[in-house]
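Below: the structure, in structure tokens.
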Amino acid sequence: MLIDVKNDFHEDKNFWEQYPDLCIAGAAGKLYKADKSRNKANSSKILWCIALCYDRSSKYFNFPELGDDGKVSMLFGDYFGDSKWPWKNTKKFEELKEFYMSSQISRLERTLIDAEEKMDERRIFLKATKYTMGSLCEKTGKYIGTTADLLDKMQSNTDKIYMNIEKAMKLVAAEQAATKDGIQKGGGEASLSDQEMI
């Protein structure tokens, strides 16, 4: 069963009690086994932070990933209590993020998320880059160091990229609807328990 952040998360719920099968293997299992806190509360909060950051049904999903106001710092700071944990534990954080995403989302969804993250980087870059005319070269009579043409082309291409992302979002929505209707991501049929009918 997939993690259902929208319905299962509550700040007082223990992640491991909700999803005991995830404590036995992989990056989540390593985190669980290494946690010496009472009731594995620290690792539980870390996994909830990961889920809240990277699950499409989470209210935090659309926040920027990084930066002081990004979802990673916000959730690890306000919920876990240490906004720097992902950067003090970069390898572990990346392993947990990858583990969560691999266990929760299809390749199509992952491709969409990657494209959205790159679009966010592009948006920040465009916003930070100022329009400049540069300086006039006396020999050629042309401007050197202008950003105007480059920014205009990037903006034009950005619109095309957004259209591709919108198409991918529709494909992901169709894939998720098919999964709910009993068709698994690999093309197989979901069991009745997977469909939550029993």
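Please note that chains go A, B, ... in the order of the structure tokens, that every chain numbers its residues from 1, and that ligands are numbered from 1 in the order shown.
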Run DSSP on the backbone of this structure and report the residues of region 78-160 of chain A it assigns to helix (DSSP H, G or I), as a PyMOL selection string.
chain A and resi 78-80+85-88+90-104+107-128+148-160
Please provide as a PyMOL selection string all residues within 9 Å of Leu31 (chain A), with the sequence filter that same-chain residues fewer than 5 positions apart are discarded (counting only C-alpha atoms).
chain A and resi 23+26+43+92+96
Selection to disk with N, CA and C atoms, as a CSV table (one decimal), in the first residue's frame:
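Result written to selection_11.csv:
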chain,number,residue,atom,x,y,z
A,23,CYS,N,10.1,-0.3,7.8
A,23,CYS,CA,11.2,-0.2,8.8
A,23,CYS,C,12.1,-1.4,8.6
A,26,GLY,N,16.1,-1.2,3.2
A,26,GLY,CA,16.4,0.0,2.4
A,26,GLY,C,16.8,1.1,3.3
A,43,SER,N,13.3,9.3,13.8
A,43,SER,CA,13.2,8.8,12.5
A,43,SER,C,11.8,8.9,11.9
A,92,LYS,N,22.5,10.8,3.7
A,92,LYS,CA,21.3,10.1,4.2
A,92,LYS,C,20.0,10.7,3.7
A,96,LEU,N,17.2,8.8,1.5
A,96,LEU,CA,15.8,8.7,2.0
A,96,LEU,C,14.8,9.3,1.0
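Residues of chain A assigned to strand (DSSP E) by DSSP on this structure's backbone: Ser135, Leu136, Tyr143 and Ile144 of chain A.
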Those residues you just picked out, can you put them in a file as a PDB file, in the first residue's frame with N, CA and C atoms?
ATOM      1  N   SER A 135      27.267  47.312 -23.457  1.00  0.00           N
ATOM      2  CA  SER A 135      27.969  48.522 -23.920  1.00  0.00           C
ATOM      3  C   SER A 135      28.148  48.454 -25.437  1.00  0.00           C
ATOM      4  N   LEU A 136      28.139  49.596 -26.038  1.00  0.00           N
ATOM      5  CA  LEU A 136      28.249  49.695 -27.492  1.00  0.00           C
ATOM      6  C   LEU A 136      29.714  49.554 -27.910  1.00  0.00           C
ATOM      7  N   TYR A 143      25.977  46.006 -29.570  1.00  0.00           N
ATOM      8  CA  TYR A 143      26.079  45.956 -28.108  1.00  0.00           C
ATOM      9  C   TYR A 143      26.763  44.662 -27.679  1.00  0.00           C
ATOM     10  N   ILE A 144      27.644  44.781 -26.689  1.00  0.00           N
ATOM     11  CA  ILE A 144      28.336  43.634 -26.107  1.00  0.00           C
ATOM     12  C   ILE A 144      27.843  43.486 -24.663  1.00  0.00           C
TER      13      ILE A 144
END
With only C-alpha atoms as the basis for distance, which of A:Tyr19, A:Phe125, A:Tyr60, A:Trp85 is at the shortest distance from Ile46 (chain A)?
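Selected residue with least distance to Ile46 (chain A): A:Trp85.
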Pairwise distance for CA of Tyr32 (chain A) and CA of Lys59 (chain A), rounded to one decimal in Å
25.5 Å
Polymer residues at most 9 Å from Leu75 (chain A), only C-alpha atoms, same-chain spacing of 5 or more positions, as an mmCIF file with C-alpha atoms, in the first residue's frame:
data_model
loop_
_atom_site.group_PDB
_atom_site.id
_atom_site.type_symbol
_atom_site.label_atom_id
_atom_site.label_comp_id
_atom_site.auth_asym_id
_atom_site.auth_seq_id
_atom_site.Cartn_x
_atom_site.Cartn_y
_atom_site.Cartn_z
ATOM 1 C CA CYS A 49 9.168 15.410 6.571
ATOM 2 C CA ILE A 50 10.322 13.523 3.464
ATOM 3 C CA LEU A 52 5.378 15.970 3.211
ATOM 4 C CA CYS A 53 8.054 17.399 0.903
ATOM 5 C CA TYR A 60 3.766 21.459 0.835
ATOM 6 C CA GLY A 70 11.838 26.204 0.818
ATOM 7 C CA PHE A 80 11.466 18.030 13.039
ATOM 8 C CA GLY A 81 13.180 20.840 14.951
ATOM 9 C CA ASP A 82 16.407 21.116 12.941
ATOM 10 C CA SER A 83 16.233 22.929 9.606
#
Of the residues A:Asp68, A:Ser73, A:Gln155, A:Arg56, which is the one nearest to Val172 (chain A), using only C-alpha atoms?
A:Arg56
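Note that CA of Asp149 (chain A) and CA of Thr129 (chain A) are 12.3 Å apart.
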Can you pull out the residues contacting Asp12 (chain A)? Cut-off 10 Å, using only C-alpha atoms, and skip same-chain residues under 3 positions away; I want them as a PDB file with C-alpha atoms, in the first residue's frame.
ATOM      1  CA  PHE A   9      -0.463  12.297   8.437  1.00  0.00           C
ATOM      2  CA  PHE A  15       5.274   6.967  10.858  1.00  0.00           C
ATOM      3  CA  ALA A  41      10.239   9.390  17.227  1.00  0.00           C
ATOM      4  CA  LYS A  45       9.529  12.721  12.028  1.00  0.00           C
TER       5      LYS A  45
END
From the list A:Leu126, A:Lys84, A:Lys6, A:Ala168, which residue is nearest Arg110 (chain A) when using only C-alpha atoms?
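So, comparing all the options, the nearest one is A:Ala168.
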